Each structure stands twice: as structure tokens, then as C-alpha cells.
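Only one structure is covered here, and it is reproduced in the block below.
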Amino acid sequence: MSEGEQGVWGDQEAAFKHFDKDQDGFLNKNEFSALCCALFQNEKGETYPIETTIFDAIFTIFDNKKVIPPINQLLDENQFDVVVFTLDWHPENHVSFIDNIHQRPLHDSCKITSAEAQVYDTVIFDMLEDGEPMVQKLWPRHSVQNTWGSKLHQDLKVPEDAVFVYKGTDPDVDSYSAFWDNIKKSQSSLNEELQKRSVTDLFLCGIGYDVCVAATTRHAIEEGYRAVLVDNATRGVCDSDIQATKDHTIANNGLIVHSSQVKGLATGRDRHPVLAYKLALDLSKKMNKK
């Protein structure tokens with residue numbers, strides 16, 4: 001990292017502008033590559049090598065110009081009972097950040113040392129209160145509380161009565177799902193917000209398809225909601241994991257739809273039998289518990 005690059009990291013907006021060489025308000029692949037080289041470094045200042053497939057996946061998930069238009073269109077065309085935005089809201093010492101790996105002890109069963117660990121590696125920490133090891137995927141530093149990187153995209157439409165759910169606030173536990181953290185130690189305010197509005201159906205979209213959206217969809221189904229995943233308004237990292245998310249959703253009586261189908265489903269003009277079956281199963285479970 002050059003001296004000039006070191007000077008801009010205290011202000012993430014300034015950092016973005018520093019790497020936006022053509023000043024068009026976006027980072028192309030070459031500009032994003034330069035940012036990654038400056039960002040993904042160890043404590044000695046050595047740059048972590050990034051495989052082409054991983055770089056392409058990172059670029060795709062952050063290239064959210066493609067995902068914002070269909071989300072905005074969904075908001076324009078539909079009168080949802082509630083619109084919820086979920087935000088990662090990480091403290092600076094969050095367990096998922098690769099540059100924080102030295103802050104916590106690794107479990108004896110972990111095959112990677114702190115010095116060897118790279119972005120997207122999976123490690124095992126020895127830190128849970130019950131003595132159980134905790135598996136953790138390592139991510140670049142992102143969505144730090146009260147920083148530019150934690151904000152919603154400036155082009156995203158935000159209704160005045162929208163609900164905001166902040167997750168990943170515990171420094172020692174990651175939280176992909178908008179409902180629960182990764183070990184179900186604590187839950188967010190989302191379920192309470194939905195229940196007090198008598199919400200039954202959730203239309204899910206955003207990033208990343210195979211991480212946060214996947215975990216939220218899984219928990220939504222577990223909590224008894226009818227889950228509809230809006231395919232073209234969602235972006236992910238790994239094609240095989242995206243397909244696994246789709247397979248799990250369908251196998252558990254959720255739907256994968258195009259944004260053009262949402263209005264019919266939301267208004268009840270499109271009455272899909274899968275959603276009726278999911279409702280019947282949940283009613284049956286409640287009756288059997290009585």
C-alpha cells in the first residue's frame with residue numbers, strides 16, 4: 001500500500017474516491033482490483049493473493065448496480081404491509097474480519113494457523129462459553145458501524161415508514177440471517193416487527209444470495225413464514241451455493257420467482273399451490289401442539 005493509499009483509509013468515502021480513477025462514481029474491474037490489493041493485506045503489509053474466480057465473485061456481489069433497479073421497481077409497483085431493510089452493523093473488532101484473527105484463540109482442531117489464514121478461509125475459534133468450538137468464515141472488513149461502508153446504497157429507494165434491522169452487532173458471533181445470529185445465541189427485532197403486523201409472506205432479495213439472503217430465507221421458513229425469493233433482485237458469490245439456496249427453498253415449500261411475478265402473489269391474484277401447502281403444513285403443526 002502506498003503512502004497516499006494509507007492516508008485515505010480513515011475515511012471510507014475518500015478511499016472510494018481515491019480508487020475511482022475515472023471519477024464516474026463507480027469502480028470498474030481494474031479500479032476494484034487496485035482497491036483489493038490495498039485492502040487485503042496482512043500485518044506486514046504483504047498483499048494476499050486472490051484467485052481469479054474469487055475476485056470475480058467479490059466484484060459481482062459488490063456490483064450492486066444490477067440489483068438495485070429491480071428492487072426499486074418492486075417498491076414502486078407493490079404496496080407491501082412493511083418494507084424491512086437489514087444491515088450488517090459490525091463493531092471494529094468483529095470476529096468475521098480476517099484482520100482480527102489474531103485477537104481470538106483458534107481451537108486445537110483448526111488446521112489453519114492465524115498466520116496462514118486468508119480471506120474466505122474457514123477457521124475454528126475456541127471461544128464459546130459452553131466449550132464448543134465455533135466455525136467461522138473469514139471476510140474482508142466490511143459494514144463497520146457508523147462508517148460509509150455500513151450505509152445503504154445511495155440509489156436505493158427507502159420508504160419513509162421502512163423498518164431497519166441491524167445484525168452482526170455482537171463482536172464474537174457472526175450473523176448472516178436477519179432473524180438469528182449464526183449460533184442462535186440471540187435474535188434480532190425482525191420477528192417481533194413482522195408478528196405485530198400479522199405478516200405471513202416474505203419476499204426476500206438483496207445480497208448475498210448464498211450468504212445473508214440464504215440464511216434469512218432458511219430462518220424465515222423455520223419461523224413459519226411463507227418465503228418467496230426474488231431471483232433477479234438478488235446477487236451472490238458462489239454459483240453452487242446459490243443453487244443450494246434455491247434447492248433448499250424449493251424443498252421446504254418456498255418459491256423462487258422473477259420480480260414481475262411479485263405483484264400477483266402479493267395481491268392474491270396469483271395463488272400458487274406451494275404457498276397453500278406451506279400454510280396447511282404450518283396450521284397442522286400448530287393444531288398438533290395443542
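Letters A, B, ... go to the chains of the C-alpha cells in the order shown; residues in each chain start at 1; ligands are counted from 1 in the same order.
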(message) Can you tell me, as a list in words, which residues in range 45-191 of chain A count as strand (DSSP E) by DSSP?
(response) Val84, Phe85, Thr86, Leu87, Asp88, Thr122, Val123, Ile124, Phe125, Met134, Val135, Gln136, Lys137, Val163, Phe164, Val165, Tyr166 and Lys167 of chain A
(message) Can you tell me which residues surround Val211 in chain A at a distance of at most 10 Å, considering only C-alpha atoms, apart from same-chain residues fewer than 5 positions away, and format the answer as a list in words?
(response)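 In the requested format, the answer is Ser175, Tyr176, Ser177, Thr216, Thr217, Arg235, Gly236, Val237, Cys238, Asp241, Ile242 and Thr245 of chain A.
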(request) Counting only C-alpha atoms, figure out which residue out of A:Ile71, A:Ile112, A:Ala14, A:Ala276 gets nearest to Phe85 in chain A. (result)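 Ranking A:Ile71, A:Ile112, A:Ala14, A:Ala276 by distance to Phe85 in chain A, first place goes to A:Ile71.
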(message) So, with only C-alpha atoms as the atoms that count, which of A:Ala251, A:Val257, A:Lys289, A:Phe125 lies closest to Asp231 in chain A?
(response) A:Val257
(message) Calculated over only C-alpha atoms, which of the candidates A:Lys167, A:Phe40, A:Ile50, A:Thr86 has the smallest distance to Arg141 in chain A?
(response)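 Distance minimum relative to Arg141 in chain A lands on A:Phe40.
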(request) Provide the CA of Val144 in chain A to CA of Cys37 in chain A distance in Å, to one decimal place. (result) 19.8 Å
(message) Could you list, as a ChimeraX atom specification, every residue within 12 Å of Arg197 in chain A, counting only C-alpha atoms and ignoring same-chain residues fewer than 6 positions away?
(response) /A:80-83,163,190-191
(message) List as a PyMOL selection string the protein and nucleic acid residues near Leu39 in chain A, meaning an atom at most 9 Å away when only C-alpha atoms are counted, but skip any in the same chain fewer than 5 places from it.
(response) chain A and resi 1+34+47+140-141
(request) Figure out the distance between CA of His142 in chain A and CA of Tyr48 in chain A, please, to one decimal in Å. (result)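 Computed distance, CA of Tyr48 in chain A to CA of His142 in chain A, equals 16.8 Å.
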(message) Please determine, counting only C-alpha atoms, which residue among A:Asn42, A:Asn100, A:Gln136, A:Thr53 has the shortest atom-to-atom distance to Asp121 in chain A.
(response) A:Gln136
